[in-house]
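A.B. asks: Contents are CSV, C-alpha atoms (C1' of nucleotides); file name work13.csv:
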```
chain,number,residue,atom,x,y,z
A,13,MET,CA,-56.1,40.2,-126.4
A,14,SER,CA,-55.3,36.6,-125.7
A,15,LYS,CA,-52.3,34.4,-126.3
A,16,ALA,CA,-49.4,35.4,-128.5
A,17,THR,CA,-48.1,31.9,-128.9
A,18,PRO,CA,-51.1,29.7,-129.1
A,19,SER,CA,-50.5,26.2,-127.9
A,20,GLU,CA,-53.4,23.8,-127.6
A,21,PHE,CA,-53.3,22.9,-123.9
A,22,GLU,CA,-52.0,26.0,-122.4
A,23,ASN,CA,-53.6,28.4,-120.0
A,24,PRO,CA,-55.5,31.1,-121.9
A,25,LEU,CA,-55.0,33.4,-118.9
A,26,ALA,CA,-51.2,33.1,-118.8
A,27,LEU,CA,-49.9,36.5,-117.8
A,28,GLU,CA,-46.9,36.4,-120.1
A,29,GLU,CA,-49.0,35.7,-123.2
A,30,GLN,CA,-51.4,38.6,-122.7
A,31,VAL,CA,-50.8,41.3,-125.3
A,32,CYS,CA,-52.3,43.9,-122.9
A,33,PHE,CA,-49.7,43.0,-120.3
A,34,ALA,CA,-46.9,43.4,-122.8
A,35,LEU,CA,-48.4,46.7,-123.9
A,36,SER,CA,-48.5,48.1,-120.4
A,37,VAL,CA,-45.1,46.9,-119.5
A,38,ALA,CA,-43.6,48.3,-122.8
A,39,ALA,CA,-45.2,51.7,-122.2
A,40,ARG,CA,-43.9,51.9,-118.7
A,41,SER,CA,-40.5,50.6,-119.6
A,42,VAL,CA,-40.0,53.0,-122.4
A,43,VAL,CA,-41.2,56.0,-120.4
A,44,ALA,CA,-38.6,54.9,-117.8
A,45,VAL,CA,-35.9,55.3,-120.5
A,46,TYR,CA,-37.1,58.8,-121.2
A,47,ARG,CA,-37.2,59.8,-117.5
A,48,PRO,CA,-33.5,60.5,-116.9
A,49,LEU,CA,-33.4,62.5,-120.2
A,50,LEU,CA,-36.5,64.6,-119.5
A,51,GLU,CA,-35.9,65.2,-115.8
A,52,PRO,CA,-33.0,67.7,-116.4
A,53,MET,CA,-35.4,69.6,-118.6
A,54,GLY,CA,-38.0,69.6,-115.8
A,55,LEU,CA,-40.5,67.6,-117.8
A,56,THR,CA,-42.4,64.4,-117.2
A,57,HIS,CA,-43.2,62.2,-120.2
A,58,PRO,CA,-46.9,63.4,-120.5
A,59,GLN,CA,-45.6,67.0,-120.2
A,60,TYR,CA,-43.0,66.3,-123.0
A,61,LEU,CA,-45.8,65.0,-125.3
A,62,LEU,CA,-47.8,68.1,-124.6
A,63,MET,CA,-44.9,70.3,-125.4
A,64,LEU,CA,-44.4,68.4,-128.7
A,65,ALA,CA,-47.9,69.3,-129.6
A,66,MET,CA,-47.4,72.9,-128.7
A,67,TRP,CA,-44.2,73.1,-130.7
A,68,GLU,CA,-46.1,72.0,-133.8
A,69,ASP,CA,-49.0,74.4,-133.4
A,70,GLU,CA,-49.9,77.3,-131.3
A,71,PRO,CA,-52.1,78.6,-129.7
A,72,LEU,CA,-54.2,75.5,-128.9
A,73,SER,CA,-57.3,75.1,-126.8
A,74,VAL,CA,-57.8,72.5,-124.1
A,75,THR,CA,-60.1,70.7,-126.4
A,76,ALA,CA,-57.7,70.7,-129.3
A,77,LEU,CA,-54.9,69.4,-127.0
A,78,ALA,CA,-57.2,66.7,-125.7
A,79,ARG,CA,-57.9,65.5,-129.3
A,80,LEU,CA,-54.2,65.6,-130.3
A,81,LEU,CA,-53.0,63.8,-127.2
A,82,GLN,CA,-56.0,61.5,-126.8
A,83,LEU,CA,-56.5,62.7,-123.3
A,84,ASP,CA,-59.4,63.8,-121.2
A,85,PRO,CA,-59.8,67.6,-120.7
A,86,ALA,CA,-59.9,66.7,-117.0
A,87,THR,CA,-56.5,65.2,-117.2
A,88,LEU,CA,-55.1,68.1,-119.1
A,89,SER,CA,-56.3,70.8,-116.8
A,90,PRO,CA,-53.9,70.2,-113.9
A,91,LEU,CA,-51.2,69.2,-116.3
A,92,LEU,CA,-51.4,72.6,-118.0
A,93,LYS,CA,-51.4,74.3,-114.6
A,94,ARG,CA,-48.1,72.6,-113.7
A,95,LEU,CA,-46.6,73.6,-117.0
A,96,GLU,CA,-47.7,77.2,-116.4
A,97,ALA,CA,-46.2,77.1,-112.9
A,98,SER,CA,-43.0,75.9,-114.6
A,99,GLY,CA,-43.1,79.0,-116.8
A,100,LEU,CA,-43.3,77.1,-120.1
A,101,LEU,CA,-46.7,78.3,-121.2
A,102,ARG,CA,-49.5,80.6,-120.4
A,103,ARG,CA,-53.3,80.0,-120.2
A,104,GLU,CA,-55.1,82.9,-121.7
A,105,ARG,CA,-58.7,83.3,-122.6
A,106,ALA,CA,-59.5,83.3,-126.3
A,107,ALA,CA,-60.6,86.6,-127.5
A,108,HIS,CA,-63.3,85.3,-129.8
A,109,ASP,CA,-64.8,82.9,-127.3
A,110,GLU,CA,-64.4,83.5,-123.6
A,111,ARG,CA,-65.2,79.9,-122.8
A,112,SER,CA,-62.1,78.7,-124.5
A,113,LEU,CA,-58.5,78.9,-123.5
A,114,ALA,CA,-55.7,80.0,-125.8
A,115,ILE,CA,-52.7,78.1,-124.6
A,116,VAL,CA,-49.5,79.8,-125.7
A,117,LEU,CA,-45.8,79.0,-125.1
A,118,THR,CA,-43.6,81.5,-123.2
A,119,ASP,CA,-40.2,82.3,-124.6
A,120,ARG,CA,-38.7,79.8,-122.2
A,121,GLY,CA,-41.2,77.2,-123.5
A,122,ARG,CA,-40.1,77.9,-127.1
A,123,GLU,CA,-36.4,77.8,-126.2
A,124,LEU,CA,-36.8,74.4,-124.6
A,125,ARG,CA,-37.3,73.0,-128.0
A,126,ALA,CA,-33.6,73.1,-128.7
A,127,GLU,CA,-33.0,70.8,-125.8
A,128,ALA,CA,-35.8,68.5,-126.7
A,129,GLU,CA,-34.4,67.9,-130.1
A,130,LYS,CA,-31.6,65.9,-128.6
A,131,VAL,CA,-34.1,63.5,-126.9
A,132,PRO,CA,-35.3,61.3,-129.8
A,133,PRO,CA,-31.8,60.4,-131.1
A,134,ALA,CA,-30.6,59.7,-127.5
A,135,ILE,CA,-33.5,57.4,-126.9
A,136,VAL,CA,-33.0,55.5,-130.2
A,137,GLU,CA,-29.3,55.1,-129.3
A,138,ARG,CA,-30.1,53.8,-125.8
A,139,LEU,CA,-32.7,51.3,-126.9
A,140,GLY,CA,-30.4,50.1,-129.7
A,141,LEU,CA,-33.3,49.2,-132.0
A,142,GLY,CA,-33.1,49.8,-135.7
A,143,ALA,CA,-35.2,52.4,-137.5
A,144,ALA,CA,-36.9,49.7,-139.5
A,145,GLU,CA,-38.0,47.9,-136.4
A,146,LEU,CA,-39.3,51.1,-134.8
A,147,GLU,CA,-41.2,51.9,-137.9
A,148,ARG,CA,-42.8,48.5,-138.0
A,149,LEU,CA,-43.7,48.8,-134.3
A,150,HIS,CA,-45.2,52.2,-134.9
A,151,ARG,CA,-47.4,50.9,-137.7
A,152,GLN,CA,-48.6,48.0,-135.6
A,153,LEU,CA,-49.4,50.3,-132.7
A,154,THR,CA,-51.3,52.6,-135.0
A,155,ARG,CA,-53.4,49.7,-136.1
A,156,VAL,CA,-54.1,48.6,-132.5
A,157,ILE,CA,-55.1,52.2,-131.6
A,158,ALA,CA,-57.5,52.4,-134.5
A,159,ALA,CA,-59.0,49.1,-133.5
A,160,ALA,CA,-59.3,50.0,-129.8
A,161,VAL,CA,-60.7,53.5,-130.5
A,162,ALA,CA,-63.2,52.0,-132.9
A,163,VAL,CA,-64.7,49.9,-130.1
A,164,GLU,CA,-66.2,53.2,-128.8
B,28,MET,CA,-37.7,56.7,-130.3
B,29,SER,CA,-38.0,59.0,-133.1
B,30,LYS,CA,-39.8,59.0,-136.4
B,31,ALA,CA,-41.7,56.1,-137.8
B,32,THR,CA,-41.9,57.4,-141.3
B,33,PRO,CA,-38.6,59.2,-141.9
B,34,SER,CA,-38.8,62.0,-144.4
B,35,GLU,CA,-35.9,64.1,-144.9
B,36,PHE,CA,-37.2,67.6,-144.2
B,37,GLU,CA,-39.8,66.7,-141.5
B,38,ASN,CA,-39.9,67.7,-137.9
B,39,PRO,CA,-38.1,65.1,-135.8
B,40,LEU,CA,-40.3,66.1,-132.9
B,41,ALA,CA,-43.6,65.5,-134.7
B,42,LEU,CA,-45.9,64.1,-132.1
B,43,GLU,CA,-47.6,61.7,-134.4
B,44,GLU,CA,-44.4,60.1,-135.3
B,45,GLN,CA,-43.1,59.3,-131.9
B,46,VAL,CA,-43.2,55.7,-131.1
B,47,CYS,CA,-43.4,56.5,-127.4
B,48,PHE,CA,-46.6,58.4,-128.0
B,49,ALA,CA,-48.1,55.6,-129.9
B,50,LEU,CA,-47.1,53.2,-127.2
B,51,SER,CA,-48.8,55.3,-124.5
B,52,VAL,CA,-52.0,55.9,-126.4
B,53,ALA,CA,-52.2,52.2,-127.4
B,54,ALA,CA,-51.8,51.1,-123.8
B,55,ARG,CA,-54.4,53.5,-122.6
B,56,SER,CA,-56.8,52.7,-125.5
B,57,VAL,CA,-56.6,49.0,-125.0
B,58,VAL,CA,-57.0,49.2,-121.2
B,59,ALA,CA,-60.1,51.3,-122.0
B,60,VAL,CA,-61.5,48.3,-124.0
B,61,TYR,CA,-61.0,46.1,-121.0
B,62,ARG,CA,-62.6,48.5,-118.6
B,63,PRO,CA,-66.3,47.7,-119.3
B,64,LEU,CA,-65.5,43.9,-119.1
B,65,LEU,CA,-63.5,44.1,-115.9
B,66,GLU,CA,-65.7,46.6,-114.1
B,67,PRO,CA,-68.6,44.1,-113.5
B,68,MET,CA,-66.0,41.8,-112.0
B,69,GLY,CA,-64.9,44.5,-109.7
B,70,LEU,CA,-61.4,44.7,-111.1
B,71,THR,CA,-59.3,47.4,-112.6
B,72,HIS,CA,-56.8,46.4,-115.3
B,73,PRO,CA,-53.7,46.3,-113.0
B,74,GLN,CA,-55.8,44.2,-110.5
B,75,TYR,CA,-56.8,41.9,-113.3
B,76,LEU,CA,-53.1,41.3,-114.3
B,77,LEU,CA,-52.3,40.7,-110.6
B,78,MET,CA,-55.0,38.1,-110.5
B,79,LEU,CA,-53.7,36.4,-113.6
B,80,ALA,CA,-50.4,36.0,-111.8
B,81,MET,CA,-52.1,34.6,-108.8
B,82,TRP,CA,-54.1,32.1,-110.8
B,83,GLU,CA,-50.9,30.8,-112.2
B,84,ASP,CA,-49.0,30.4,-109.0
B,85,GLU,CA,-49.8,30.6,-105.3
B,86,PRO,CA,-48.8,31.7,-102.8
B,87,LEU,CA,-46.7,34.6,-104.0
B,88,SER,CA,-44.7,37.2,-102.1
B,89,VAL,CA,-44.7,40.9,-102.8
B,90,THR,CA,-41.3,40.6,-104.3
B,91,ALA,CA,-42.3,37.7,-106.5
B,92,LEU,CA,-45.3,39.6,-107.8
B,93,ALA,CA,-43.2,42.7,-108.4
B,94,ARG,CA,-40.9,40.7,-110.6
B,95,LEU,CA,-43.7,39.0,-112.5
B,96,LEU,CA,-45.7,42.2,-113.0
B,97,GLN,CA,-42.7,44.4,-113.4
B,98,LEU,CA,-44.0,46.7,-110.8
B,99,ASP,CA,-42.5,48.4,-107.8
B,100,PRO,CA,-43.3,46.8,-104.4
B,101,ALA,CA,-44.5,50.3,-103.4
B,102,THR,CA,-47.1,50.2,-106.2
B,103,LEU,CA,-48.2,46.7,-105.2
B,104,SER,CA,-48.6,47.3,-101.5
B,105,PRO,CA,-51.8,49.5,-101.8
B,106,LEU,CA,-53.0,47.4,-104.7
B,107,LEU,CA,-52.9,44.3,-102.6
B,108,LYS,CA,-54.7,46.0,-99.8
B,109,ARG,CA,-57.5,46.9,-102.1
B,110,LEU,CA,-57.8,43.3,-103.4
B,111,GLU,CA,-57.8,42.1,-99.8
B,112,ALA,CA,-60.6,44.6,-99.0
B,113,SER,CA,-62.5,43.2,-102.0
B,114,GLY,CA,-62.2,39.8,-100.5
B,115,LEU,CA,-60.2,38.2,-103.3
B,116,LEU,CA,-57.0,37.5,-101.5
B,117,ARG,CA,-55.4,37.4,-98.1
B,118,ARG,CA,-52.0,38.8,-97.0
B,119,GLU,CA,-50.5,36.3,-94.5
B,120,ARG,CA,-47.1,36.2,-93.1
B,121,ALA,CA,-44.8,33.5,-94.4
B,122,ALA,CA,-44.0,31.0,-91.8
B,123,HIS,CA,-40.4,30.6,-92.8
B,124,ASP,CA,-39.6,34.3,-93.0
B,125,GLU,CA,-41.5,36.8,-91.0
B,126,ARG,CA,-40.5,39.7,-93.3
B,127,SER,CA,-42.2,38.1,-96.3
B,128,LEU,CA,-45.8,38.0,-97.2
B,129,ALA,CA,-47.6,34.9,-98.4
B,130,ILE,CA,-50.3,36.2,-100.6
B,131,VAL,CA,-53.0,33.6,-101.1
B,132,LEU,CA,-56.4,33.7,-102.9
B,133,THR,CA,-59.6,33.4,-101.1
B,134,ASP,CA,-62.3,31.0,-102.4
B,135,ARG,CA,-64.0,34.0,-104.0
B,136,GLY,CA,-60.7,34.9,-105.6
B,137,ARG,CA,-60.3,31.5,-107.1
B,138,GLU,CA,-63.9,31.4,-108.2
B,139,LEU,CA,-63.5,34.6,-110.1
B,140,ARG,CA,-61.2,32.8,-112.6
B,141,ALA,CA,-64.2,31.3,-114.3
B,142,GLU,CA,-65.5,34.8,-115.1
B,143,ALA,CA,-62.0,36.0,-116.2
B,144,GLU,CA,-61.8,33.2,-118.8
B,145,LYS,CA,-64.4,35.0,-120.8
B,146,VAL,CA,-62.4,38.2,-121.0
B,147,PRO,CA,-59.6,37.4,-123.6
B,148,PRO,CA,-61.9,36.1,-126.3
B,149,ALA,CA,-64.3,39.0,-125.7
B,150,ILE,CA,-61.4,41.5,-126.1
B,151,VAL,CA,-60.1,39.8,-129.3
B,152,GLU,CA,-63.6,39.9,-130.7
B,153,ARG,CA,-64.1,43.6,-129.9
B,154,LEU,CA,-60.7,44.6,-131.3
B,155,GLY,CA,-61.3,42.6,-134.5
B,156,LEU,CA,-57.6,41.9,-135.0
B,157,GLY,CA,-56.4,38.5,-136.1
B,158,ALA,CA,-54.4,36.1,-134.0
B,159,ALA,CA,-51.4,36.4,-136.3
B,160,GLU,CA,-51.3,40.2,-135.9
B,161,LEU,CA,-51.6,40.0,-132.2
B,162,GLU,CA,-48.8,37.5,-132.1
B,163,ARG,CA,-46.6,39.7,-134.2
B,164,LEU,CA,-47.3,42.7,-132.0
B,165,HIS,CA,-46.6,40.6,-128.9
B,166,ARG,CA,-43.2,39.6,-130.3
B,167,GLN,CA,-42.3,43.2,-131.1
B,168,LEU,CA,-43.4,44.5,-127.7
B,169,THR,CA,-41.3,41.8,-126.1
B,170,ARG,CA,-38.3,43.0,-128.0
B,171,VAL,CA,-38.9,46.6,-127.0
B,172,ILE,CA,-39.3,45.6,-123.3
B,173,ALA,CA,-36.1,43.7,-123.4
B,174,ALA,CA,-34.3,46.7,-125.0
B,175,ALA,CA,-35.8,49.2,-122.6
B,176,VAL,CA,-35.1,47.1,-119.5
B,177,ALA,CA,-31.6,46.5,-120.6
B,178,VAL,CA,-30.9,50.3,-120.5
B,179,GLU,CA,-31.1,49.8,-116.7
C,13,DC,C1',-22.9,37.1,-78.7
C,14,DG,C1',-23.7,41.5,-80.9
C,15,DA,C1',-23.1,45.0,-84.4
C,16,DC,C1',-23.3,45.1,-89.6
C,17,DT,C1',-25.5,44.5,-93.7
C,18,DA,C1',-28.9,42.8,-96.8
C,19,DA,C1',-33.7,41.6,-97.8
C,20,DT,C1',-38.7,42.6,-97.4
C,21,DG,C1',-42.6,45.5,-97.1
C,22,DT,C1',-44.8,49.9,-95.9
C,23,DT,C1',-45.5,55.0,-95.9
C,24,DA,C1',-45.4,59.7,-97.7
C,25,DG,C1',-45.4,62.7,-101.5
C,26,DT,C1',-45.9,63.9,-106.5
C,27,DG,C1',-48.0,63.4,-110.8
C,28,DC,C1',-51.1,61.0,-114.3
C,29,DA,C1',-55.6,59.1,-115.9
C,30,DC,C1',-60.4,58.3,-115.7
C,31,DT,C1',-65.5,59.2,-114.2
C,32,DA,C1',-69.0,62.1,-112.8
C,33,DA,C1',-70.6,66.4,-111.7
C,34,DA,C1',-70.3,71.3,-111.4
C,35,DC,C1',-69.5,75.7,-113.5
C,36,DA,C1',-69.2,79.4,-116.9
C,37,DT,C1',-70.0,81.4,-121.3
C,38,DT,C1',-72.2,81.5,-125.6
C,39,DG,C1',-75.9,81.7,-128.8
C,40,DG,C1',-80.3,80.7,-130.3
C,41,DT,C1',-85.4,80.8,-129.3
C,42,DA,C1',-89.7,81.9,-127.4
D,20,DT,C1',-85.5,90.0,-122.7
D,21,DA,C1',-85.5,85.8,-120.4
D,22,DC,C1',-84.8,81.1,-120.8
D,23,DC,C1',-82.3,77.0,-122.5
D,24,DA,C1',-79.4,73.9,-124.7
D,25,DA,C1',-74.7,73.4,-126.4
D,26,DT,C1',-69.8,74.1,-125.7
D,27,DG,C1',-65.5,74.5,-123.0
D,28,DT,C1',-63.2,74.0,-118.7
D,29,DT,C1',-62.6,72.8,-113.9
D,30,DT,C1',-63.3,70.2,-109.5
D,31,DA,C1',-63.8,66.0,-106.7
D,32,DG,C1',-62.9,61.3,-105.9
D,33,DT,C1',-60.6,56.9,-106.9
D,34,DG,C1',-56.7,54.3,-108.3
D,35,DC,C1',-52.0,53.6,-110.5
D,36,DA,C1',-46.9,54.4,-110.7
D,37,DC,C1',-42.6,56.2,-109.3
D,38,DT,C1',-39.0,58.0,-105.7
D,39,DA,C1',-37.2,58.3,-101.3
D,40,DA,C1',-37.3,57.3,-96.5
D,41,DC,C1',-38.4,54.1,-93.0
D,42,DA,C1',-39.2,49.7,-89.9
D,43,DT,C1',-38.6,45.0,-89.3
D,44,DT,C1',-36.5,40.7,-89.8
D,45,DA,C1',-32.7,37.6,-91.3
D,46,DG,C1',-28.3,36.3,-92.1
D,47,DT,C1',-23.2,37.1,-91.3
D,48,DC,C1',-18.9,37.9,-89.3
D,49,DG,C1',-15.7,39.9,-85.9
```
Let me see the file written as structure tokens.
C.D. replies:
Amino acid sequence: MSKATPSEFENPLALEEQVCFALSVAARSVVAVYRPLLEPMGLTHPQYLLMLAMWEDEPLSVTALARLLQLDPATLSPLLKRLEASGLLRRERAAHDERSLAIVLTDRGRELRAEAEKVPPAIVERLGLGAAELERLHRQLTRVIAAAVAVE
Amino acid sequence: MSKATPSEFENPLALEEQVCFALSVAARSVVAVYRPLLEPMGLTHPQYLLMLAMWEDEPLSVTALARLLQLDPATLSPLLKRLEASGLLRRERAAHDERSLAIVLTDRGRELRAEAEKVPPAIVERLGLGAAELERLHRQLTRVIAAAVAVE
DNA sequence: CGACTAATGTTAGTGCACTAAACATTGGTA
DNA sequence: TACCAATGTTTAGTGCACTAACATTAGTCG
């Protein structure tokens, strides 16, 4: 992930030209834009993403969530406990397989979706980037993710 | 930061269409590609970025590093202590201002640069993405960062 | 001069992410 | 039936990132 603007005699380790640096800063900066919108809902950004997954499909196991969110089960475990403590979901044992958890939303968790629907348009408005540009970025990121995941 | 592929009747909260999700996953996935290359050097990815900054300019204060890396001083403080414990840099007091730190590389820190120079080409090779594509991505990310930082 | 105010770093507390290892349950197999 | 491997989740340990509160030093102005 080297230079973005190749120039023959320049430093190949120049911080500002590293794509990985831009990626890290972009992710942190964008999450920072979400923070003030999510905070009144009592959610962090990873918790918001987890709720998006639950609003699409329910119940889900830890393994299923790990696959959807591309996170380690070990990361999800405490995250789920915090959301349970917040009263947004419950961690029940699956009837058919006692090893597995059946994570289900509470009524409060389901109701929160209405609030969440206001978030994406608010973010787009704050960032002031066009839909076309966001779409282009999304496509590029998808390609990078595929490339990075394929490494192993 | 809503949908990437707008489609009239679709869920605006669909996880897979959120640019912020793609951004988070991309950042984590790419860092994961770096990990096995940095680990033999005894560096984490944030530590690697900090070293890139130091290899470009030295000495630097905590404030200067915070600006360059777009990180909080409170994040840098323990990070610098770990790098000092690793013997890669020293935290000295600036002569002209006793409040400020003058962070300087040790000889070992400077020598590590030779190893680090092998990293970017190795990453590019592993990812298998062309230079043009990386450059395009870098430009887009720069625009997003500018937009996100401008929000405040 | 001496009190304000701003600048510079650090500490404490919360939460995320990863690795490795432990633990529990299940389901076959000897 | 008693083991044993596979599957699913949790725990422990390290490190990053953010917020808020704090200590110290520097500069400023009455």
A.B. asks: For chain B against chain C, which residues fall within 9 Å using only C-alpha atoms (C1' of nucleotides), given as a VMD selection string?
C.D. replies: chain B and resid 55 89 to 90 100 to 101 104 126 to 128
A.B. asks: Fit chain A to chain B: least squares, all C-alpha atoms, paired in order; write the output as a compact mmCIF listing (two decimals) with C-alpha atoms, in the coordinates of the input.
C.D. replies:
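Now in part_21.txt:
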```
# COMPACT_ATOMS: atom_id res chain seq x y z
CA MET A 13 -37.79 56.63 -130.25
CA SER A 14 -37.95 59.00 -133.16
CA LYS A 15 -39.83 59.06 -136.42
CA ALA A 16 -41.70 56.08 -137.78
CA THR A 17 -41.87 57.40 -141.29
CA PRO A 18 -38.64 59.16 -141.89
CA SER A 19 -38.86 61.92 -144.41
CA GLU A 20 -35.88 64.16 -144.99
CA PHE A 21 -37.29 67.60 -144.14
CA GLU A 22 -39.77 66.77 -141.55
CA ASN A 23 -39.91 67.72 -137.93
CA PRO A 24 -38.08 65.14 -135.81
CA LEU A 25 -40.29 66.15 -132.87
CA ALA A 26 -43.61 65.52 -134.65
CA LEU A 27 -45.96 64.13 -132.03
CA GLU A 28 -47.62 61.65 -134.36
CA GLU A 29 -44.32 60.05 -135.40
CA GLN A 30 -43.09 59.39 -131.87
CA VAL A 31 -43.16 55.68 -131.10
CA CYS A 32 -43.44 56.49 -127.35
CA PHE A 33 -46.60 58.47 -128.02
CA ALA A 34 -48.12 55.61 -129.95
CA LEU A 35 -47.10 53.24 -127.17
CA SER A 36 -48.79 55.28 -124.48
CA VAL A 37 -51.88 55.88 -126.46
CA ALA A 38 -52.15 52.12 -127.41
CA ALA A 39 -51.78 51.08 -123.76
CA ARG A 40 -54.42 53.47 -122.62
CA SER A 41 -56.74 52.69 -125.46
CA VAL A 42 -56.58 49.00 -124.97
CA VAL A 43 -57.04 49.21 -121.21
CA ALA A 44 -60.15 51.30 -122.03
CA VAL A 45 -61.50 48.30 -124.01
CA TYR A 46 -60.97 46.07 -121.02
CA ARG A 47 -62.64 48.49 -118.57
CA PRO A 48 -66.31 47.73 -119.28
CA LEU A 49 -65.49 43.96 -119.17
CA LEU A 50 -63.54 44.07 -115.90
CA GLU A 51 -65.74 46.55 -114.05
CA PRO A 52 -68.62 44.01 -113.52
CA MET A 53 -66.04 41.75 -111.97
CA GLY A 54 -64.91 44.59 -109.67
CA LEU A 55 -61.42 44.68 -111.10
CA THR A 56 -59.25 47.37 -112.61
CA HIS A 57 -56.80 46.38 -115.34
CA PRO A 58 -53.69 46.33 -112.97
CA GLN A 59 -55.79 44.27 -110.51
CA TYR A 60 -56.76 41.82 -113.37
CA LEU A 61 -53.04 41.35 -114.25
CA LEU A 62 -52.29 40.65 -110.63
CA MET A 63 -55.02 38.12 -110.43
CA LEU A 64 -53.65 36.42 -113.59
CA ALA A 65 -50.40 36.01 -111.81
CA MET A 66 -52.05 34.61 -108.75
CA TRP A 67 -54.08 32.17 -110.79
CA GLU A 68 -50.87 30.74 -112.24
CA ASP A 69 -49.04 30.40 -108.94
CA GLU A 70 -49.79 30.67 -105.34
CA PRO A 71 -48.82 31.73 -102.69
CA LEU A 72 -46.58 34.58 -103.94
CA SER A 73 -44.63 37.19 -102.06
CA VAL A 74 -44.71 40.91 -102.75
CA THR A 75 -41.32 40.60 -104.24
CA ALA A 76 -42.23 37.73 -106.50
CA LEU A 77 -45.34 39.65 -107.70
CA ALA A 78 -43.24 42.71 -108.33
CA ARG A 79 -40.85 40.67 -110.57
CA LEU A 80 -43.71 38.96 -112.46
CA LEU A 81 -45.64 42.16 -113.04
CA GLN A 82 -42.63 44.45 -113.46
CA LEU A 83 -43.92 46.69 -110.77
CA ASP A 84 -42.49 48.43 -107.77
CA PRO A 85 -43.23 46.81 -104.35
CA ALA A 86 -44.47 50.29 -103.42
CA THR A 87 -47.03 50.18 -106.11
CA LEU A 88 -48.14 46.72 -105.21
CA SER A 89 -48.67 47.34 -101.55
CA PRO A 90 -51.84 49.43 -101.76
CA LEU A 91 -52.99 47.45 -104.73
CA LEU A 92 -52.90 44.25 -102.67
CA LYS A 93 -54.70 46.02 -99.83
CA ARG A 94 -57.58 46.92 -102.17
CA LEU A 95 -57.77 43.39 -103.43
CA GLU A 96 -57.88 42.12 -99.83
CA ALA A 97 -60.63 44.63 -99.01
CA SER A 98 -62.46 43.20 -102.04
CA GLY A 99 -62.18 39.74 -100.48
CA LEU A 100 -60.19 38.21 -103.35
CA LEU A 101 -57.02 37.44 -101.46
CA ARG A 102 -55.42 37.45 -98.12
CA ARG A 103 -52.02 38.82 -96.93
CA GLU A 104 -50.49 36.42 -94.52
CA ARG A 105 -47.04 36.31 -93.10
CA ALA A 106 -44.80 33.54 -94.38
CA ALA A 107 -44.10 31.00 -91.81
CA HIS A 108 -40.47 30.51 -92.73
CA ASP A 109 -39.63 34.18 -92.94
CA GLU A 110 -41.65 36.71 -91.01
CA ARG A 111 -40.45 39.54 -93.20
CA SER A 112 -42.19 38.13 -96.19
CA LEU A 113 -45.82 37.99 -97.09
CA ALA A 114 -47.59 34.90 -98.38
CA ILE A 115 -50.29 36.22 -100.61
CA VAL A 116 -53.04 33.66 -101.07
CA LEU A 117 -56.36 33.73 -102.98
CA THR A 118 -59.66 33.35 -101.07
CA ASP A 119 -62.26 31.01 -102.45
CA ARG A 120 -64.00 33.97 -104.02
CA GLY A 121 -60.66 34.95 -105.63
CA ARG A 122 -60.29 31.43 -107.09
CA GLU A 123 -63.90 31.35 -108.32
CA LEU A 124 -63.43 34.61 -110.17
CA ARG A 125 -61.25 32.79 -112.56
CA ALA A 126 -64.24 31.32 -114.32
CA GLU A 127 -65.44 34.78 -115.14
CA ALA A 128 -62.07 35.99 -116.21
CA GLU A 129 -61.76 33.28 -118.75
CA LYS A 130 -64.38 34.94 -120.86
CA VAL A 131 -62.33 38.21 -121.00
CA PRO A 132 -59.56 37.40 -123.52
CA PRO A 133 -61.90 36.05 -126.26
CA ALA A 134 -64.28 39.04 -125.75
CA ILE A 135 -61.45 41.46 -126.12
CA VAL A 136 -60.08 39.77 -129.28
CA GLU A 137 -63.62 39.86 -130.74
CA ARG A 138 -64.06 43.56 -129.92
CA LEU A 139 -60.74 44.67 -131.32
CA GLY A 140 -61.33 42.57 -134.45
CA LEU A 141 -57.61 41.90 -134.97
CA GLY A 142 -56.39 38.57 -136.19
CA ALA A 143 -54.40 36.17 -134.02
CA ALA A 144 -51.45 36.46 -136.35
CA GLU A 145 -51.35 40.19 -135.98
CA LEU A 146 -51.61 39.99 -132.18
CA GLU A 147 -48.84 37.51 -132.11
CA ARG A 148 -46.60 39.69 -134.20
CA LEU A 149 -47.41 42.68 -131.98
CA HIS A 150 -46.63 40.66 -128.90
CA ARG A 151 -43.23 39.65 -130.25
CA GLN A 152 -42.38 43.22 -131.15
CA LEU A 153 -43.41 44.44 -127.72
CA THR A 154 -41.31 41.76 -126.09
CA ARG A 155 -38.34 42.98 -128.02
CA VAL A 156 -38.96 46.63 -127.04
CA ILE A 157 -39.29 45.58 -123.35
CA ALA A 158 -36.02 43.70 -123.46
CA ALA A 159 -34.35 46.68 -125.04
CA ALA A 160 -35.83 49.20 -122.58
CA VAL A 161 -35.11 47.02 -119.51
CA ALA A 162 -31.57 46.51 -120.72
CA VAL A 163 -30.93 50.26 -120.55
CA GLU A 164 -30.91 49.81 -116.73
```
A.B. asks: Counting only C-alpha atoms (C1' of nucleotides), a student should be able to say which residues of chain B come within 9 Å of chain D; what is the right answer, written as an NGL selection string?
C.D. replies: :B and (71 or 73 or 98-99 or 101-102 or 106 or 124-126)
A.B. asks: Within 6 Å of chain B, which residues of chain A show up when using all atoms listed in the file, listed as an NGL selection string?
C.D. replies: :A and (13-14 or 16 or 27 or 31 or 35-36 or 38-39 or 41-42 or 64 or 132 or 135-136 or 139 or 147 or 150 or 157 or 159-160)
A.B. asks: Using atom CA of Asp119 of chain A and atom CA of Lys93 of chain A as the two end points, give the distance in Å to one decimal.
C.D. replies: 17.0 Å
